[in-house]
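Undergrad: I am sharing my_file_37.pdb, which consists of PDB, C-alpha atoms:
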MODEL        1
ATOM      1  CA  MET A   1       0.000   0.000   0.000
ATOM      2  CA  LYS A   2       1.264   3.437  -0.957
ATOM      3  CA  THR A   3       2.458   5.558   1.970
ATOM      4  CA  TRP A   4       1.844   9.309   2.055
ATOM      5  CA  PHE A   5       3.519  12.214   3.863
ATOM      6  CA  LEU A   6       1.962  15.627   4.546
ATOM      7  CA  PHE A   7       3.737  18.941   5.186
ATOM      8  CA  GLU A   8       2.196  22.267   6.220
ATOM      9  CA  LYS A   9       4.341  25.159   5.014
ATOM     10  CA  THR A  10       3.438  27.786   7.613
ATOM     11  CA  SER A  11       3.784  25.728  10.790
ATOM     12  CA  HIS A  12       6.338  23.217   9.373
ATOM     13  CA  LYS A  13       4.100  20.469  10.716
ATOM     14  CA  GLN A  14       4.814  17.097   9.153
ATOM     15  CA  ILE A  15       2.666  13.980   9.276
ATOM     16  CA  GLU A  16       4.064  10.720   7.954
ATOM     17  CA  ASP A  17       3.092   7.149   7.175
ATOM     18  CA  LEU A  18      -0.490   7.862   6.108
ATOM     19  CA  SER A  19      -2.781   5.727   4.018
ATOM     20  CA  PHE A  20      -4.607   7.542   1.222
ATOM     21  CA  HIS A  21      -7.844   7.350   3.222
ATOM     22  CA  SER A  22      -6.180   8.823   6.331
ATOM     23  CA  LEU A  23      -4.629  11.572   4.238
ATOM     24  CA  LEU A  24      -8.035  12.571   2.851
ATOM     25  CA  GLU A  25      -9.653  12.522   6.283
ATOM     26  CA  ARG A  26      -7.027  14.941   7.587
ATOM     27  CA  LEU A  27      -7.286  17.281   4.600
ATOM     28  CA  LYS A  28     -11.091  17.434   4.756
ATOM     29  CA  THR A  29     -10.864  19.085   8.178
ATOM     30  CA  HIS A  30      -9.262  22.194   6.634
ATOM     31  CA  SER A  31     -10.788  25.136   4.831
ATOM     32  CA  SER A  32     -10.065  25.967   1.217
ATOM     33  CA  ALA A  33      -7.563  28.677   2.200
ATOM     34  CA  GLU A  34      -5.779  26.355   4.620
ATOM     35  CA  LEU A  35      -5.422  23.652   1.984
ATOM     36  CA  GLY A  36      -3.345  26.057  -0.069
ATOM     37  CA  THR A  37      -0.436  25.668   2.377
ATOM     38  CA  TRP A  38      -0.432  21.865   2.503
ATOM     39  CA  TYR A  39       1.933  19.697   0.454
ATOM     40  CA  ALA A  40       2.145  15.933  -0.012
ATOM     41  CA  TRP A  41       4.857  13.477  -0.956
ATOM     42  CA  SER A  42       4.716   9.773  -1.774
ATOM     43  CA  GLU A  43       6.916   7.196  -3.454
ATOM     44  CA  GLY A  44       7.555   8.088  -7.082
ATOM     45  CA  PHE A  45       7.347  11.872  -6.502
ATOM     46  CA  ASP A  46      10.494  13.828  -7.299
ATOM     47  CA  ASP A  47       9.460  16.662  -4.980
ATOM     48  CA  TRP A  48       6.731  17.836  -2.618
ATOM     49  CA  LYS A  49       3.528  18.825  -4.437
ATOM     50  CA  LYS A  50       0.629  21.030  -3.423
ATOM     51  CA  VAL A  51      -2.232  18.763  -2.367
ATOM     52  CA  LEU A  52      -4.607  20.616  -4.695
ATOM     53  CA  GLU A  53      -2.331  19.860  -7.659
ATOM     54  CA  ILE A  54      -2.284  16.089  -7.144
ATOM     55  CA  PRO A  55      -5.037  14.631  -9.376
ATOM     56  CA  GLU A  56      -6.102  11.739  -7.152
ATOM     57  CA  ILE A  57      -6.357  13.981  -4.086
ATOM     58  CA  LYS A  58      -8.104  16.793  -5.937
ATOM     59  CA  ALA A  59     -10.669  14.364  -7.360
ATOM     60  CA  GLU A  60     -11.561  13.075  -3.906
ATOM     61  CA  LEU A  61     -11.848  16.584  -2.487
ATOM     62  CA  GLU A  62     -14.171  17.820  -5.225
ATOM     63  CA  SER A  63     -17.157  17.026  -3.058
ATOM     64  CA  LYS A  64     -15.795  19.700  -0.732
ATOM     65  CA  PRO A  65     -15.081  22.711  -2.986
ATOM     66  CA  VAL A  66     -11.575  24.040  -2.577
ATOM     67  CA  LYS A  67     -10.079  27.235  -3.910
ATOM     68  CA  ARG A  68      -6.401  27.386  -4.674
ATOM     69  CA  ASN A  69      -4.694  29.954  -2.506
ATOM     70  CA  SER A  70      -2.722  32.190  -4.868
ATOM     71  CA  SER A  71      -0.858  33.780  -1.959
ATOM     72  CA  SER A  72       0.489  30.497  -0.606
ATOM     73  CA  PRO A  73       4.279  30.250  -0.312
ATOM     74  CA  PRO A  74       6.292  28.377  -2.911
ATOM     75  CA  PRO A  75       6.538  24.591  -2.497
ATOM     76  CA  PHE A  76       8.876  23.136   0.081
ATOM     77  CA  LYS A  77      11.725  22.284  -2.263
ATOM     78  CA  VAL A  78      13.857  19.190  -1.789
ATOM     79  CA  PRO A  79      16.681  19.443  -4.344
ATOM     80  CA  ALA A  80      17.469  16.129  -5.922
ATOM     81  CA  LYS A  81      20.356  16.355  -8.334
ATOM     82  CA  VAL A  82      22.546  13.459  -9.284
ATOM     83  CA  ILE A  83      26.203  14.410  -9.091
ATOM     84  CA  ALA A  84      27.663  11.065 -10.098
ATOM     85  CA  LYS A  85      29.686  10.605 -13.247
ATOM     86  CA  ALA A  86      29.588   7.370 -15.169
ATOM     87  CA  PRO A  87      31.201   4.939 -15.442
ATOM     88  CA  PRO A  88      31.202   4.304 -11.663
ATOM     89  CA  GLN A  89      34.260   4.888  -9.584
ATOM     90  CA  LYS A  90      36.512   2.199  -8.227
ATOM     91  CA  PRO A  91      35.653   1.036  -4.722
ATOM     92  CA  ASN A  92      36.301   3.703  -2.105
ATOM     93  CA  SER A  93      38.549   2.838   0.816
ATOM     94  CA  GLY A  94      36.112   4.178   3.414
ATOM     95  CA  GLY A  95      33.835   2.845   6.095
ATOM     96  CA  ASP A  96      32.332  -0.239   4.492
ATOM     97  CA  ASN A  97      35.752  -1.920   4.466
ATOM     98  CA  ARG A  98      35.757  -2.104   0.663
ATOM     99  CA  LYS A  99      33.359  -5.036   0.671
ATOM    100  CA  HIS A 100      30.940  -3.071  -1.504
ATOM    101  CA  GLU A 101      31.593  -0.699  -4.365
ATOM    102  CA  ARG A 102      30.874   2.867  -3.329
ATOM    103  CA  PHE A 103      29.539   5.572  -5.652
ATOM    104  CA  ASP A 104      29.539   9.360  -5.408
ATOM    105  CA  LEU A 105      25.844  10.152  -5.736
ATOM    106  CA  LYS A 106      23.543  12.803  -4.357
ATOM    107  CA  LEU A 107      20.198  11.158  -3.709
ATOM    108  CA  ARG A 108      17.393  11.985  -1.341
ATOM    109  CA  VAL A 109      17.272   9.988   1.908
ATOM    110  CA  ILE A 110      14.396   9.709   4.366
ATOM    111  CA  MET A 111      14.946   7.909   7.671
ATOM    112  CA  ARG A 112      11.980   7.131   9.874
ATOM    113  CA  SER A 113      11.762   5.504  13.297
ATOM    114  CA  ASN A 114       8.491   5.580  15.224
ATOM    115  CA  GLU A 115       7.254   9.176  14.912
ATOM    116  CA  VAL A 116      10.638  10.707  14.058
ATOM    117  CA  THR A 117      11.556  11.501  10.441
ATOM    118  CA  PHE A 118      14.939  12.794   9.245
ATOM    119  CA  ARG A 119      15.654  13.991   5.695
ATOM    120  CA  THR A 120      19.039  14.534   4.108
ATOM    121  CA  PHE A 121      21.075  13.669   1.001
ATOM    122  CA  THR A 122      23.805  11.168   0.289
ATOM    123  CA  LYS A 123      27.365  12.171  -0.535
ATOM    124  CA  ASN A 124      28.289   8.624  -1.503
ATOM    125  CA  LEU A 125      26.823   5.231  -0.801
ATOM    126  CA  SER A 126      27.124   1.507  -1.252
ATOM    127  CA  ALA A 127      25.242  -1.604  -0.208
ATOM    128  CA  GLY A 128      27.328  -1.511   2.976
ATOM    129  CA  GLY A 129      26.604   2.016   4.155
ATOM    130  CA  VAL A 130      26.139   5.654   3.282
ATOM    131  CA  ALA A 131      27.917   8.995   3.746
ATOM    132  CA  LEU A 132      25.415  11.791   4.398
ATOM    133  CA  GLU A 133      25.489  15.553   4.031
ATOM    134  CA  HIS A 134      24.129  16.114   7.531
ATOM    135  CA  GLU A 135      24.634  14.571  10.933
ATOM    136  CA  VAL A 136      22.035  11.965  11.855
ATOM    137  CA  PRO A 137      20.176  12.853  15.074
ATOM    138  CA  ALA A 138      21.476  10.809  17.984
ATOM    139  CA  HIS A 139      18.050   9.337  18.736
ATOM    140  CA  LEU A 140      18.021   7.634  15.313
ATOM    141  CA  LEU A 141      21.415   5.999  15.684
ATOM    142  CA  ASN A 142      21.733   2.339  16.612
ATOM    143  CA  LYS A 143      17.997   1.877  16.094
ATOM    144  CA  GLU A 144      16.159   0.091  13.327
ATOM    145  CA  CYS A 145      14.871   2.664  10.832
ATOM    146  CA  HIS A 146      12.790   2.596   7.707
ATOM    147  CA  MET A 147      15.077   3.870   4.947
ATOM    148  CA  TYR A 148      13.753   5.505   1.765
ATOM    149  CA  ILE A 149      16.314   6.348  -0.934
ATOM    150  CA  SER A 150      15.094   8.167  -4.016
ATOM    151  CA  ASP A 151      16.519   8.047  -7.540
ATOM    152  CA  PRO A 152      15.463  11.419  -9.023
ATOM    153  CA  GLU A 153      16.347  10.429 -12.579
ATOM    154  CA  SER A 154      13.816   7.626 -12.974
ATOM    155  CA  GLN A 155      11.628   8.745 -10.065
ATOM    156  CA  SER A 156      11.914   5.317  -8.501
ATOM    157  CA  ASN A 157      12.524   4.636  -4.855
ATOM    158  CA  ILE A 158      13.833   1.815  -2.768
ATOM    159  CA  LYS A 159      12.965   1.187   0.845
ATOM    160  CA  PHE A 160      14.280  -1.201   3.450
ATOM    161  CA  LYS A 161      14.881  -1.520   7.178
ATOM    162  CA  ALA A 162      18.364  -1.078   8.625
ATOM    163  CA  THR A 163      20.187   0.105  11.713
ATOM    164  CA  MET A 164      22.514   3.080  11.195
ATOM    165  CA  VAL A 165      25.808   2.707  13.060
ATOM    166  CA  PRO A 166      28.453   5.502  12.946
ATOM    167  CA  ASN A 167      31.811   4.563  11.461
ATOM    168  CA  ARG A 168      34.720   5.560  13.688
ATOM    169  CA  ASN A 169      37.081   5.990  10.740
ATOM    170  CA  GLU A 170      35.006   8.404   8.683
ATOM    171  CA  ALA A 171      32.814  11.321   9.750
ATOM    172  CA  LYS A 172      29.175  11.203   8.653
ATOM    173  CA  PHE A 173      29.570   7.694   7.262
ATOM    174  CA  PHE A 174      27.129   5.153   8.627
ATOM    175  CA  LEU A 175      27.097   1.411   8.234
ATOM    176  CA  PHE A 176      23.965  -0.577   7.494
ATOM    177  CA  THR A 177      23.631  -3.267  10.131
ATOM    178  CA  ASP A 178      20.758  -5.680  10.756
ATOM    179  CA  LEU A 179      20.056  -5.453   7.025
ATOM    180  CA  GLU A 180      18.646  -8.670   5.592
ATOM    181  CA  ASP A 181      20.809 -10.220   2.866
ATOM    182  CA  SER A 182      17.846 -10.155   0.487
ATOM    183  CA  ASP A 183      17.336  -6.410   1.104
ATOM    184  CA  ARG A 184      21.070  -5.721   0.728
ATOM    185  CA  ASN A 185      21.158  -7.606  -2.581
ATOM    186  CA  LYS A 186      18.044  -5.784  -3.785
ATOM    187  CA  PHE A 187      19.574  -2.435  -2.852
ATOM    188  CA  GLU A 188      22.860  -3.287  -4.583
ATOM    189  CA  ILE A 189      21.020  -4.283  -7.775
ATOM    190  CA  TRP A 190      18.915  -1.107  -7.650
ATOM    191  CA  LEU A 191      22.028   1.026  -7.174
ATOM    192  CA  LYS A 192      23.997  -0.596  -9.993
ATOM    193  CA  THR A 193      21.005  -0.370 -12.327
ATOM    194  CA  PHE A 194      20.883   3.363 -11.693
ATOM    195  CA  ILE A 195      24.635   3.698 -12.311
ATOM    196  CA  ASN A 196      24.307   1.784 -15.573
ATOM    197  CA  LYS A 197      21.586   4.180 -16.696
ATOM    198  CA  LEU A 198      23.939   7.082 -16.051
ATOM    199  CA  ALA A 199      26.664   5.339 -18.018
ATOM    200  CA  ARG A 200      24.390   4.820 -21.022
ATOM    201  CA  LYS A 201      23.286   8.473 -20.946
ATOM    202  CA  SER A 202      26.881   9.706 -20.921
ATOM    203  CA  ALA A 203      27.992   7.339 -23.714
TER     204      ALA A 203
ENDMDL
END
Give the structure from the file, written as structure tokens.
TA:
Amino acid sequence: MKTWFLFEKTSHKQIEDLSFHSLLERLKTHSSAELGTWYAWSEGFDDWKKVLEIPEIKAELESKPVKRNSSSPPPFKVPAKVIAKAPPQKPNSGGDNRKHERFDLKLRVIMRSNEVTFRTFTKNLSAGGVALEHEVPAHLLNKECHMYISDPESQSNIKFKATMVPNRNEAKFFLFTDLEDSDRNKFEIWLKTFINKLARKSA
């Protein structure tokens, strides 16, 4: 089942892990003007979108007339630019002990544990771990998290559960532990497929 996230621009309130039905129930409690400041994100989106500009949401809300708020602030932008060059680099000598090939990519990352959500971008990553642009909050470390990593080029996403453990030898590099072999293999295939797409585009 598709999972939805809501974000209110004025208050910076964020609500995550919603079903489509739950999302609609929450939105229907707001006036037309208030809806103009709400944004939604779900798997396959390359950015946050105004709820009134998402066809499936707009269709369901038609029974409750809504008027687009022309004075609403611009969308909450989450830049998603790929900075990798193909062909992929040789394995990096960093925190995953060279067991997995590491690639310099900037992709969107969402980490979620219980009610806490953290968003950042990768600097480089492999099937063994990831280097991030920002420090991970302490309360998310050494705990099992739901990981969402987004490929902005094909607008596909991969998600899995893993525990993020800091690497002593490299700042802001975190190892994936408690990651099932099947999920690690799936992630590695997804990552290499993306790299191959970049290689074909640059050829």
Undergrad: Written as a ChimeraX atom specification, which residues does the PyMOL selection byres ((chain A and resi 3) around 12) give for the file shown?
TA: /A:1-2,4-6,15-23,40-45,148,159
Undergrad: When you count all atoms listed in the file, which of these residues is closest to A:Trp48: A:Lys106, A:Lys186, A:Lys9, A:Arg200?
TA: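 With all atoms listed in the file as the atom set, the closest residue is A:Lys9.
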Undergrad: May I ask for the distance between atom CA of A:His134 and atom CA of A:Thr120, given in Å to one decimal place?
TA: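 Interatomic distance, atom CA of A:His134 to atom CA of A:Thr120: 6.3 Å.
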Undergrad: Nearest to A:His100 among A:Ala162, A:Leu35, A:Ile57, A:Ala127, with distances taken over all atoms listed in the file: which residue is it?
TA: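 Among the listed residues, the smallest separation from A:His100 belongs to A:Ala127.
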Undergrad: Rounded to one decimal place, report the atom CA of A:Lys49-atom CA of A:Thr10 distance in Å.
TA: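 Value for the atom CA of A:Lys49-atom CA of A:Thr10 distance: 15.0 Å.
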